Structures are given as structure tokens and as C-alpha cells.
>>> print(open('query_19.cif').read())   # mmCIF, C-alpha atoms
data_target
#
loop_
_atom_site.label_atom_id
_atom_site.label_comp_id
_atom_site.auth_asym_id
_atom_site.auth_seq_id
_atom_site.Cartn_x
_atom_site.Cartn_y
_atom_site.Cartn_z
CA MET A 33 0.00 0.00 0.00
CA GLY A 34 2.97 2.33 0.45
CA ILE A 35 2.91 5.86 1.81
CA GLY A 36 0.90 8.87 0.72
CA LEU A 37 2.66 12.25 0.66
CA TYR A 38 0.26 15.17 0.96
CA HIS A 39 1.16 18.68 -0.18
CA HIS A 40 -0.32 21.79 -1.83
CA PRO A 41 1.15 24.90 -3.54
CA LEU A 42 -0.67 27.09 -1.01
CA PHE A 43 1.60 25.87 1.78
CA ALA A 44 4.50 27.80 0.25
CA ARG A 45 2.30 30.88 -0.25
CA HIS A 46 1.36 31.36 3.41
CA ALA A 47 3.21 34.65 4.00
CA VAL A 48 5.22 35.63 7.07
CA PRO A 49 7.52 38.60 7.71
CA GLN A 50 11.05 38.62 6.33
CA GLY A 51 13.34 36.69 8.66
CA HIS A 52 10.51 34.73 10.29
CA PRO A 53 11.68 31.15 11.03
CA GLU A 54 8.45 29.51 9.81
CA ARG A 55 9.15 30.39 6.19
CA PRO A 56 7.97 28.96 2.87
CA GLU A 57 11.34 27.35 2.15
CA ARG A 58 10.56 24.77 4.83
CA VAL A 59 8.07 22.85 2.71
CA ARG A 60 10.14 23.34 -0.43
CA VAL A 61 13.25 21.70 1.00
CA ILE A 62 11.25 18.78 2.39
CA GLU A 63 9.54 18.14 -0.94
CA ALA A 64 12.90 18.32 -2.74
CA ALA A 65 14.50 15.91 -0.27
CA LEU A 66 11.69 13.39 -0.57
CA LYS A 67 11.69 13.53 -4.36
CA LYS A 68 15.46 13.07 -4.41
CA ALA A 69 15.14 10.07 -2.10
CA ALA A 70 13.04 8.24 -4.73
CA LEU A 71 11.10 6.42 -2.04
CA PRO A 72 9.55 3.13 -3.11
CA GLU A 73 5.77 2.97 -3.28
CA ALA A 74 5.38 6.68 -2.40
CA SER A 75 2.53 8.56 -4.05
CA TRP A 76 2.00 12.32 -4.07
CA HIS A 77 -1.41 13.86 -3.43
CA GLU A 78 -2.65 17.46 -3.49
CA ALA A 79 -4.57 18.17 -0.30
CA GLY A 80 -8.14 19.40 -0.35
CA ALA A 81 -9.54 22.01 2.02
CA ALA A 82 -11.18 21.16 5.32
CA LYS A 83 -14.85 22.04 5.64
CA GLU A 84 -16.10 24.42 8.31
CA LYS A 85 -17.74 21.53 10.18
CA ASP A 86 -14.31 19.85 10.38
CA ILE A 87 -12.75 22.98 11.88
CA LEU A 88 -15.61 23.45 14.34
CA ARG A 89 -15.18 19.99 15.84
CA VAL A 90 -12.16 21.36 17.71
CA HIS A 91 -12.29 25.16 17.40
CA ASP A 92 -14.84 27.68 18.65
CA PRO A 93 -16.92 29.46 15.99
CA ALA A 94 -15.52 32.79 17.18
CA HIS A 95 -12.00 31.57 16.39
CA LEU A 96 -12.92 30.73 12.81
CA GLU A 97 -14.67 34.08 12.41
CA SER A 98 -11.64 35.95 13.75
CA LEU A 99 -9.42 34.29 11.17
CA LYS A 100 -11.92 35.11 8.43
CA ALA A 101 -11.80 38.76 9.52
CA ALA A 102 -7.99 38.77 9.49
CA ASP A 103 -8.09 37.13 6.06
CA GLN A 104 -10.30 39.91 4.72
CA GLN A 105 -7.98 42.52 6.22
CA ALA A 106 -4.94 40.90 4.60
CA ARG A 107 -6.68 40.61 1.24
CA LYS A 108 -7.87 44.21 1.21
CA GLY A 109 -4.50 45.56 2.30
CA GLY A 110 -2.44 43.11 0.25
CA GLY A 111 -0.07 42.62 3.16
CA LEU A 112 0.43 40.90 6.50
CA VAL A 113 -1.79 40.90 9.57
CA SER A 114 -0.32 40.15 13.01
CA LEU A 115 -2.36 37.86 15.27
CA ASP A 116 0.34 37.96 17.95
CA ALA A 117 4.09 38.58 18.05
CA ASP A 118 4.81 35.23 16.37
CA THR A 119 1.72 34.46 14.31
CA TRP A 120 0.86 36.14 11.03
CA MET A 121 -1.57 35.95 8.15
CA GLY A 122 -1.18 37.04 4.55
CA PRO A 123 -3.69 37.09 1.68
CA GLU A 124 -3.45 33.31 1.15
CA SER A 125 -2.87 32.17 4.73
CA LEU A 126 -6.45 31.17 5.56
CA ALA A 127 -6.67 29.09 2.40
CA ALA A 128 -3.33 27.45 3.24
CA ALA A 129 -4.51 26.70 6.79
CA LEU A 130 -7.75 25.15 5.54
CA HIS A 131 -5.77 22.94 3.17
CA ALA A 132 -3.30 22.02 5.94
CA ALA A 133 -6.21 20.84 8.08
CA GLY A 134 -7.67 19.19 5.01
CA ALA A 135 -4.45 17.27 4.40
CA GLY A 136 -4.84 15.61 7.78
CA ILE A 137 -8.43 14.60 7.06
CA MET A 138 -7.74 13.47 3.49
CA SER A 139 -4.73 11.38 4.50
CA THR A 140 -6.54 9.89 7.50
CA ARG A 141 -9.47 8.92 5.30
CA ALA A 142 -7.10 7.27 2.81
CA VAL A 143 -5.24 5.36 5.54
CA LEU A 144 -8.45 4.11 7.12
CA ALA A 145 -9.73 3.07 3.70
CA GLY A 146 -6.53 1.09 3.03
CA THR A 147 -5.39 3.29 0.14
CA HIS A 148 -2.09 3.79 1.99
CA LEU A 149 -0.77 2.15 5.10
CA ARG A 150 0.79 5.44 6.20
CA ALA A 151 0.94 9.12 5.23
CA PHE A 152 3.08 12.21 5.72
CA CYS A 153 1.57 15.69 5.37
CA ILE A 154 4.05 18.41 4.34
CA VAL A 155 1.97 21.31 5.62
CA ARG A 156 2.23 24.86 6.80
CA PRO A 157 1.11 26.70 8.80
CA PRO A 158 1.77 24.14 11.55
CA GLY A 159 -0.92 23.40 14.10
CA HIS A 160 -0.18 21.98 17.55
CA HIS A 161 -0.12 25.32 19.42
CA ALA A 162 -3.54 26.43 18.13
CA GLU A 163 -6.08 26.26 20.94
CA GLN A 164 -9.85 26.03 20.71
CA ALA A 165 -10.22 29.80 20.64
CA ARG A 166 -6.76 31.14 19.82
CA ALA A 167 -4.14 31.09 17.08
CA MET A 168 -0.62 31.16 18.50
CA GLY A 169 2.93 29.92 18.03
CA PHE A 170 2.83 30.16 14.20
CA CYS A 171 -0.36 28.02 14.19
CA LEU A 172 -3.85 28.95 12.92
CA PHE A 173 -5.80 25.68 13.10
CA ASN A 174 -4.80 22.59 15.05
CA ASN A 175 -4.24 20.25 12.10
CA VAL A 176 -3.56 17.04 14.01
CA ALA A 177 -6.48 17.61 16.40
CA ILE A 178 -8.82 18.16 13.46
CA ALA A 179 -7.63 14.89 11.92
CA ALA A 180 -8.10 13.03 15.21
CA ALA A 181 -11.60 14.44 15.70
CA TRP A 182 -12.54 13.43 12.15
CA ALA A 183 -11.26 9.89 12.78
CA LEU A 184 -13.44 9.60 15.89
CA GLU A 185 -16.59 11.16 14.49
CA GLU A 186 -16.55 10.13 10.83
CA GLY A 187 -13.90 7.42 10.68
CA GLY A 188 -15.68 5.25 13.21
CA LEU A 189 -12.71 4.87 15.57
CA SER A 190 -12.82 4.75 19.35
CA ARG A 191 -9.09 5.08 20.26
CA VAL A 192 -6.73 7.53 18.58
CA ALA A 193 -3.24 8.33 19.85
CA ILE A 194 -1.22 11.46 19.07
CA VAL A 195 2.54 11.48 19.60
CA ASP A 196 4.21 14.89 19.47
CA PHE A 197 8.02 15.00 19.28
CA ASP A 198 8.26 18.67 18.39
CA VAL A 199 10.69 20.49 20.68
CA HIS A 200 7.82 22.68 21.91
CA HIS A 201 4.89 21.30 23.86
CA GLY A 202 1.63 21.04 21.92
CA ASN A 203 -0.44 23.07 24.34
CA GLY A 204 -3.33 23.36 21.90
CA THR A 205 -3.61 19.63 21.27
CA GLN A 206 -3.43 18.90 24.98
CA ALA A 207 -6.13 21.46 25.82
CA ILE A 208 -8.47 20.27 23.05
CA PHE A 209 -8.35 16.63 24.19
CA TRP A 210 -7.95 17.15 27.95
CA ASN A 211 -11.44 15.77 28.60
CA GLU A 212 -11.50 13.21 25.75
CA PRO A 213 -10.87 9.61 26.91
CA ARG A 214 -10.79 8.36 23.31
CA VAL A 215 -7.57 10.29 22.63
CA LEU A 216 -4.17 9.64 24.18
CA TYR A 217 -1.78 12.58 23.77
CA CYS A 218 1.94 11.96 24.38
CA SER A 219 4.59 14.68 24.10
CA SER A 220 8.36 14.92 24.47
CA HIS A 221 9.56 18.52 24.54
CA GLN A 222 12.13 20.91 25.97
CA SER A 223 11.27 22.51 29.30
CA PRO A 224 11.53 25.30 30.18
CA ALA A 225 10.62 26.59 26.73
CA TYR A 226 7.72 28.11 24.83
CA PRO A 227 4.76 27.88 25.50
CA GLY A 228 5.42 27.01 29.16
CA THR A 229 3.04 24.03 29.40
CA GLY A 230 3.67 20.29 29.42
CA GLU A 231 4.64 19.39 32.97
CA GLU A 232 4.51 15.74 34.00
CA THR A 233 1.69 16.60 36.40
CA GLU A 234 -0.56 17.61 33.49
CA ARG A 235 -2.25 14.25 32.95
CA GLY A 236 -5.69 14.99 31.50
CA ALA A 237 -9.12 14.36 32.95
CA HIS A 238 -8.91 10.64 32.11
CA ASP A 239 -5.17 10.10 32.61
CA ASN A 240 -4.95 10.47 28.83
CA ILE A 241 -2.00 12.91 28.69
CA VAL A 242 1.64 11.82 28.96
CA ASN A 243 4.17 14.66 29.09
CA CYS A 244 7.92 14.05 29.06
CA PRO A 245 9.68 17.41 29.56
CA LEU A 246 13.42 17.36 28.79
CA PRO A 247 15.86 19.94 30.14
CA PRO A 248 17.84 22.12 27.70
CA GLY A 249 20.90 20.32 26.39
CA SER A 250 19.28 16.88 26.49
CA GLY A 251 20.34 14.59 23.68
CA GLY A 252 19.30 11.32 22.15
CA GLU A 253 19.90 9.24 25.27
CA ALA A 254 17.42 11.22 27.40
CA PHE A 255 14.96 11.45 24.51
CA ARG A 256 15.00 7.69 23.92
CA ALA A 257 14.72 6.97 27.64
CA ALA A 258 11.56 9.11 27.84
CA TYR A 259 9.99 7.02 25.11
CA ARG A 260 11.13 3.65 26.44
CA GLU A 261 10.08 4.36 30.02
CA ARG A 262 6.85 6.33 29.60
CA ILE A 263 5.51 7.03 26.13
CA LEU A 264 5.88 3.64 24.44
CA PRO A 265 4.37 1.71 27.39
CA ALA A 266 1.43 4.15 27.50
CA LEU A 267 0.84 3.71 23.78
CA ALA A 268 1.04 -0.07 24.02
CA ALA A 269 -1.51 -0.12 26.84
CA PHE A 270 -3.86 2.21 24.96
CA ALA A 271 -3.63 0.12 21.74
CA PRO A 272 -4.69 2.92 19.37
CA GLU A 273 -6.64 2.12 16.23
CA LEU A 274 -4.79 4.97 14.53
CA LEU A 275 -1.54 6.70 15.43
CA LEU A 276 -1.12 10.36 14.52
CA ILE A 277 2.27 12.10 14.78
CA SER A 278 2.94 15.79 15.29
CA ALA A 279 6.30 15.60 13.55
CA GLY A 280 8.35 18.60 14.59
CA PHE A 281 12.06 18.40 13.82
CA ASP A 282 13.15 21.41 15.89
CA ALA A 283 14.65 19.23 18.63
CA HIS A 284 17.55 18.73 16.19
CA ALA A 285 20.92 19.96 17.47
CA ALA A 286 21.17 22.39 14.55
CA ASP A 287 17.83 24.09 15.14
CA PRO A 288 18.05 27.80 16.06
CA LEU A 289 14.92 28.04 18.24
CA ALA A 290 15.69 25.51 20.98
CA SER A 291 18.53 23.61 22.60
CA LEU A 292 17.89 19.90 22.54
CA ARG A 293 20.51 17.82 20.76
CA LEU A 294 18.78 15.24 18.62
CA HIS A 295 20.08 14.00 15.27
CA GLU A 296 18.63 12.16 12.31
CA ASP A 297 19.28 8.76 13.88
CA ASP A 298 17.09 9.74 16.85
CA TYR A 299 14.21 10.56 14.52
CA ALA A 300 14.73 7.28 12.68
CA TRP A 301 14.72 5.42 16.02
CA VAL A 302 11.53 7.02 17.37
CA THR A 303 9.75 6.56 14.05
CA LEU A 304 10.59 2.86 14.02
CA GLU A 305 9.42 2.44 17.61
CA LEU A 306 6.11 4.12 16.75
CA VAL A 307 5.70 1.89 13.72
CA LYS A 308 6.22 -1.14 15.96
CA ILE A 309 3.56 0.11 18.37
CA SER A 310 1.07 0.57 15.53
CA GLU A 311 1.85 -2.90 14.22
CA LYS A 312 1.40 -4.46 17.67
CA ALA A 313 -2.01 -2.78 17.81
CA GLY A 314 -2.85 -4.85 14.73
CA HIS A 315 -2.97 -2.35 11.91
CA GLY A 316 0.25 -0.37 11.29
CA ARG A 317 -1.71 2.78 10.39
CA ILE A 318 0.11 6.09 10.90
CA VAL A 319 -0.55 9.63 9.71
CA SER A 320 2.32 12.05 10.36
CA MET A 321 1.90 15.82 10.07
CA LEU A 322 4.68 18.40 9.90
CA GLU A 323 4.99 20.80 12.81
CA GLY A 324 8.27 22.66 13.54
CA GLY A 325 11.86 22.51 12.32
CA TYR A 326 13.67 25.69 11.34
CA ASP A 327 17.18 24.78 10.19
CA LEU A 328 16.50 23.94 6.56
CA GLU A 329 19.25 21.37 6.12
CA ALA A 330 18.40 19.55 9.35
CA LEU A 331 14.69 19.75 8.55
CA ALA A 332 15.13 18.19 5.11
CA ALA A 333 17.41 15.41 6.35
CA SER A 334 15.26 14.59 9.40
CA SER A 335 12.03 14.55 7.40
CA ALA A 336 13.64 12.24 4.84
CA VAL A 337 14.72 9.65 7.43
CA HIS A 338 11.33 9.86 9.15
CA VAL A 339 9.48 9.18 5.90
CA ARG A 340 11.94 6.49 4.81
CA VAL A 341 11.24 4.51 7.99
CA LEU A 342 7.49 4.96 7.54
CA THR A 343 7.86 3.71 3.96
CA GLU A 344 10.25 0.81 4.33
CA ARG A 345 9.10 -0.86 7.55
#
>>> encode(input="query_19.cif", output="C-alpha cells")
Amino acid sequence: MGIGLYHHPLFARHAVPQGHPERPERVRVIEAALKKAALPEASWHEAGAAKEKDILRVHDPAHLESLKAADQQARKGGGLVSLDADTWMGPESLAAALHAAGAGIMSTRAVLAGTHLRAFCIVRPPGHHAEQARAMGFCLFNNVAIAAAWALEEGGLSRVAIVDFDVHHGNGTQAIFWNEPRVLYCSSHQSPAYPGTGEETERGAHDNIVNCPLPPGSGGEAFRAAYRERILPALAAFAPELLLISAGFDAHAADPLASLRLHEDDYAWVTLELVKISEKAGHGRIVSMLEGGYDLEALAASSAVHVRVLTER
């Protein structure tokens, strides 16, 4: 069945200020690296847009309306609109965000239908910081949460796990599913760091949150230990029917926005361990969605090894 790679030209047209780390080149270098890798059984797909009902499963109506208003402002002015110090919208940003959320739904539908065993969504803007009522941390909609909610409500699933190895804690994903026993959210992340959430004591209303904060300077040994000792056992016990990944590659040693010290072999290792978990659950189904990663060379190399493991296992 191979792997589906989901992309769209709009992802490179989501505008940010000059010098902003979440820049269009991010998706371009990943696409180039994956095409150069000539992955076996990989198929490319242009993502469709999420519908409003898909967005409103996880976001408040007022949040969607606020983004529509900012979209109109950007279109009329032909420039950028600041939502906060880090988060911006240009004339095509809302369309890009709708297609980023749509990539998660489209790929999840395909994986559940057996079209692909696994998928990787090369999207921007990213999503895991977006809360029910707020865009933040470069994120407009919470792409992985929207995909998880679709899988529960329209995909017929009853247990979905989300693993987030971005260097920053996915505060939005955690908040959205805090009271949802059908979702297990597991995160490894640097702490202290933006956004200041993700302590081990934050466990969710149904013990469905597993946070593994890592101190600055932590490398592959501490990262792997967090997975072996806490995240992988929690996933095995939960036995998800679908595994979603918030795939941020900004824990790489070369990344300029944080200070963990991971390398490509760490991303290959964690990807393989997650594949094994999904296989033990009896299906092997994984949908991975791009989050952070801001050193272009490290981002391209890390994404390539991540996808290669998803493809070849």
C-alpha cells in the first residue's frame, strides 16, 4: 500500500515577515529531499480544504470568524496581519490553513480506507499550538487535532493516539483533548521553553495525557529513555486504532529556536518504535503531520529519514 505524501502549492504561499523562522522554504526543502530520495511505493497527493464543520469539531466558531476577519484585512490591504508577536496571516494564509487541516483529514481517510498504510503531510502553517479559541505559536488551526476528531466522528474509531516529538509542547492539542478519553496525547519537549506548558503533572481528565519534559541540552539518550520508560508503554496499553504524529524536527541539534541535541538517527529510532507500536495494535496505520523545524538542512534530512522509515518498515 505504500505511503501517501500530501502537499499543496498554497503551503509555500502562506506569507510571514522577512526573517521569520516559519518560512515557505521549509516545505520546499522537504519536498525536494523526498523527491530526491526516490522512495519506493510513495505517491504524491494534493490536499483538499477542510470544511467548516471539520474545523468546528475542535475550534470555537468565534476563532474561525476571527481568522476570516484577518483574512479579509490581509486581502484588502495586500499585506500581513499580526495575530500575535509570532503568528501572522497574509492574503493566502487562511486558504493554506484550511488545506493544511484538510491534508490531515484526506490522509486519514485514505489510511483508514486502506489506500495507503501510512501518510506524511508536508503542511504549513503548523498546528499543535492552536487552541480552541486562539491562534498562536505560528499556528492557525490545530491540524492534528482536526484529523483526530474526524477519525473519531466520521472514521468510526474509538481510540486515537497522538505522539508529538516537536521540541515545543503542543499546548493546543493537549487542551483540546484534555477531557476526551478516546484520545491519548503523548509529548516529548524541551522545558523550560515556549509555550510554558507540558509538565509531568498535566495528565488529562482521564489520565490520557503523557508529558515528558526534557531539560535544555538533552540529547538522544534522554529522549529515547523518555519514550522507552513512559511514552511507548502508555501507547502499548492504549492500543490505538490509529496513530497520529505531530512531527516537529526542531529538537535537532542544529535548530536555532531551541537547545535539545537530537540527530537524524534519533528521529529514525523514534519513528521505528512508533511503527512497531502501531503494528502491535494490529494495523500499522500512521498519519504524520509536519509541525516545527527551522534549520533547513536539518529539517530536510530529518524529514527524509522519518518518511523512509514509515515507507520501508
>>> resolve_selection(input="query_19.cif", expression="the PyMOL selection byres ((chain A and resi 226-228) around 8)", output="ChimeraX atom specification")
/A:169,200-201,203,223-225,229-230
>>> closest_residue(input="query_19.cif", among="A:Val113, A:Ala145, A:Leu66, A:Ala165", to="Leu88 of chain A", atoms="all atoms listed in the file")
A:Ala165
>>> resolve_selection(input="query_19.cif", expression="the PyMOL selection byres ((chain A and resi 199) around 6)", output="MDAnalysis selection string")
chainID A and resid 198 200 221:222 282:283
>>> closest_residue(input="query_19.cif", among="A:Leu304, A:Ala65, A:Ala180, A:Ala74", to="Leu149 of chain A", atoms="all atoms listed in the file")
A:Ala74
>>> atom_distance(input="query_19.cif", atom1="atom CA of His52 of chain A", atom2="atom CA of His160 of chain A")
18.2 Å
>>> closest_residue(input="query_19.cif", among="A:Ala336, A:Asp86, A:Gln104, A:Gly159", to="Ala64 of chain A", atoms="all atoms listed in the file")
A:Ala336
>>> resolve_selection(input="query_19.cif", expression="the PyMOL selection byres ((chain A and resi 46) around 6)", output="PyMOL selection string")
chain A and resi 43-45+47+124-125
>>> decode(input="query_19.cif", residues="segment 210-344 of chain A", atoms="C-alpha atoms", output="short mmCIF file (atom, residue, chain, number, x, y, z; two decimals), in the first residue's frame")
data_model
loop_
_atom_site.label_atom_id
_atom_site.label_comp_id
_atom_site.auth_asym_id
_atom_site.auth_seq_id
_atom_site.Cartn_x
_atom_site.Cartn_y
_atom_site.Cartn_z
CA TRP A 210 -7.95 17.15 27.95
CA ASN A 211 -11.44 15.77 28.60
CA GLU A 212 -11.50 13.21 25.75
CA PRO A 213 -10.87 9.61 26.91
CA ARG A 214 -10.79 8.36 23.31
CA VAL A 215 -7.57 10.29 22.63
CA LEU A 216 -4.17 9.64 24.18
CA TYR A 217 -1.78 12.58 23.77
CA CYS A 218 1.94 11.96 24.38
CA SER A 219 4.59 14.68 24.10
CA SER A 220 8.36 14.92 24.47
CA HIS A 221 9.56 18.52 24.54
CA GLN A 222 12.13 20.91 25.97
CA SER A 223 11.27 22.51 29.30
CA PRO A 224 11.53 25.30 30.18
CA ALA A 225 10.62 26.59 26.73
CA TYR A 226 7.72 28.11 24.83
CA PRO A 227 4.76 27.88 25.50
CA GLY A 228 5.42 27.01 29.16
CA THR A 229 3.04 24.03 29.40
CA GLY A 230 3.67 20.29 29.42
CA GLU A 231 4.64 19.39 32.97
CA GLU A 232 4.51 15.74 34.00
CA THR A 233 1.69 16.60 36.40
CA GLU A 234 -0.56 17.61 33.49
CA ARG A 235 -2.25 14.25 32.95
CA GLY A 236 -5.69 14.99 31.50
CA ALA A 237 -9.12 14.36 32.95
CA HIS A 238 -8.91 10.64 32.11
CA ASP A 239 -5.17 10.10 32.61
CA ASN A 240 -4.95 10.47 28.83
CA ILE A 241 -2.00 12.91 28.69
CA VAL A 242 1.64 11.82 28.96
CA ASN A 243 4.17 14.66 29.09
CA CYS A 244 7.92 14.05 29.06
CA PRO A 245 9.68 17.41 29.56
CA LEU A 246 13.42 17.36 28.79
CA PRO A 247 15.86 19.94 30.14
CA PRO A 248 17.84 22.12 27.70
CA GLY A 249 20.90 20.32 26.39
CA SER A 250 19.28 16.88 26.49
CA GLY A 251 20.34 14.59 23.68
CA GLY A 252 19.30 11.32 22.15
CA GLU A 253 19.90 9.24 25.27
CA ALA A 254 17.42 11.22 27.40
CA PHE A 255 14.96 11.45 24.51
CA ARG A 256 15.00 7.69 23.92
CA ALA A 257 14.72 6.97 27.64
CA ALA A 258 11.56 9.11 27.84
CA TYR A 259 9.99 7.02 25.11
CA ARG A 260 11.13 3.65 26.44
CA GLU A 261 10.08 4.36 30.02
CA ARG A 262 6.85 6.33 29.60
CA ILE A 263 5.51 7.03 26.13
CA LEU A 264 5.88 3.64 24.44
CA PRO A 265 4.37 1.71 27.39
CA ALA A 266 1.43 4.15 27.50
CA LEU A 267 0.84 3.71 23.78
CA ALA A 268 1.04 -0.07 24.02
CA ALA A 269 -1.51 -0.12 26.84
CA PHE A 270 -3.86 2.21 24.96
CA ALA A 271 -3.63 0.12 21.74
CA PRO A 272 -4.69 2.92 19.37
CA GLU A 273 -6.64 2.12 16.23
CA LEU A 274 -4.79 4.97 14.53
CA LEU A 275 -1.54 6.70 15.43
CA LEU A 276 -1.12 10.36 14.52
CA ILE A 277 2.27 12.10 14.78
CA SER A 278 2.94 15.79 15.29
CA ALA A 279 6.30 15.60 13.55
CA GLY A 280 8.35 18.60 14.59
CA PHE A 281 12.06 18.40 13.82
CA ASP A 282 13.15 21.41 15.89
CA ALA A 283 14.65 19.23 18.63
CA HIS A 284 17.55 18.73 16.19
CA ALA A 285 20.92 19.96 17.47
CA ALA A 286 21.17 22.39 14.55
CA ASP A 287 17.83 24.09 15.14
CA PRO A 288 18.05 27.80 16.06
CA LEU A 289 14.92 28.04 18.24
CA ALA A 290 15.69 25.51 20.98
CA SER A 291 18.53 23.61 22.60
CA LEU A 292 17.89 19.90 22.54
CA ARG A 293 20.51 17.82 20.76
CA LEU A 294 18.78 15.24 18.62
CA HIS A 295 20.08 14.00 15.27
CA GLU A 296 18.63 12.16 12.31
CA ASP A 297 19.28 8.76 13.88
CA ASP A 298 17.09 9.74 16.85
CA TYR A 299 14.21 10.56 14.52
CA ALA A 300 14.73 7.28 12.68
CA TRP A 301 14.72 5.42 16.02
CA VAL A 302 11.53 7.02 17.37
CA THR A 303 9.75 6.56 14.05
CA LEU A 304 10.59 2.86 14.02
CA GLU A 305 9.42 2.44 17.61
CA LEU A 306 6.11 4.12 16.75
CA VAL A 307 5.70 1.89 13.72
CA LYS A 308 6.22 -1.14 15.96
CA ILE A 309 3.56 0.11 18.37
CA SER A 310 1.07 0.57 15.53
CA GLU A 311 1.85 -2.90 14.22
CA LYS A 312 1.40 -4.46 17.67
CA ALA A 313 -2.01 -2.78 17.81
CA GLY A 314 -2.85 -4.85 14.73
CA HIS A 315 -2.97 -2.35 11.91
CA GLY A 316 0.25 -0.37 11.29
CA ARG A 317 -1.71 2.78 10.39
CA ILE A 318 0.11 6.09 10.90
CA VAL A 319 -0.55 9.63 9.71
CA SER A 320 2.32 12.05 10.36
CA MET A 321 1.90 15.82 10.07
CA LEU A 322 4.68 18.40 9.90
CA GLU A 323 4.99 20.80 12.81
CA GLY A 324 8.27 22.66 13.54
CA GLY A 325 11.86 22.51 12.32
CA TYR A 326 13.67 25.69 11.34
CA ASP A 327 17.18 24.78 10.19
CA LEU A 328 16.50 23.94 6.56
CA GLU A 329 19.25 21.37 6.12
CA ALA A 330 18.40 19.55 9.35
CA LEU A 331 14.69 19.75 8.55
CA ALA A 332 15.13 18.19 5.11
CA ALA A 333 17.41 15.41 6.35
CA SER A 334 15.26 14.59 9.40
CA SER A 335 12.03 14.55 7.40
CA ALA A 336 13.64 12.24 4.84
CA VAL A 337 14.72 9.65 7.43
CA HIS A 338 11.33 9.86 9.15
CA VAL A 339 9.48 9.18 5.90
CA ARG A 340 11.94 6.49 4.81
CA VAL A 341 11.24 4.51 7.99
CA LEU A 342 7.49 4.96 7.54
CA THR A 343 7.86 3.71 3.96
CA GLU A 344 10.25 0.81 4.33
#
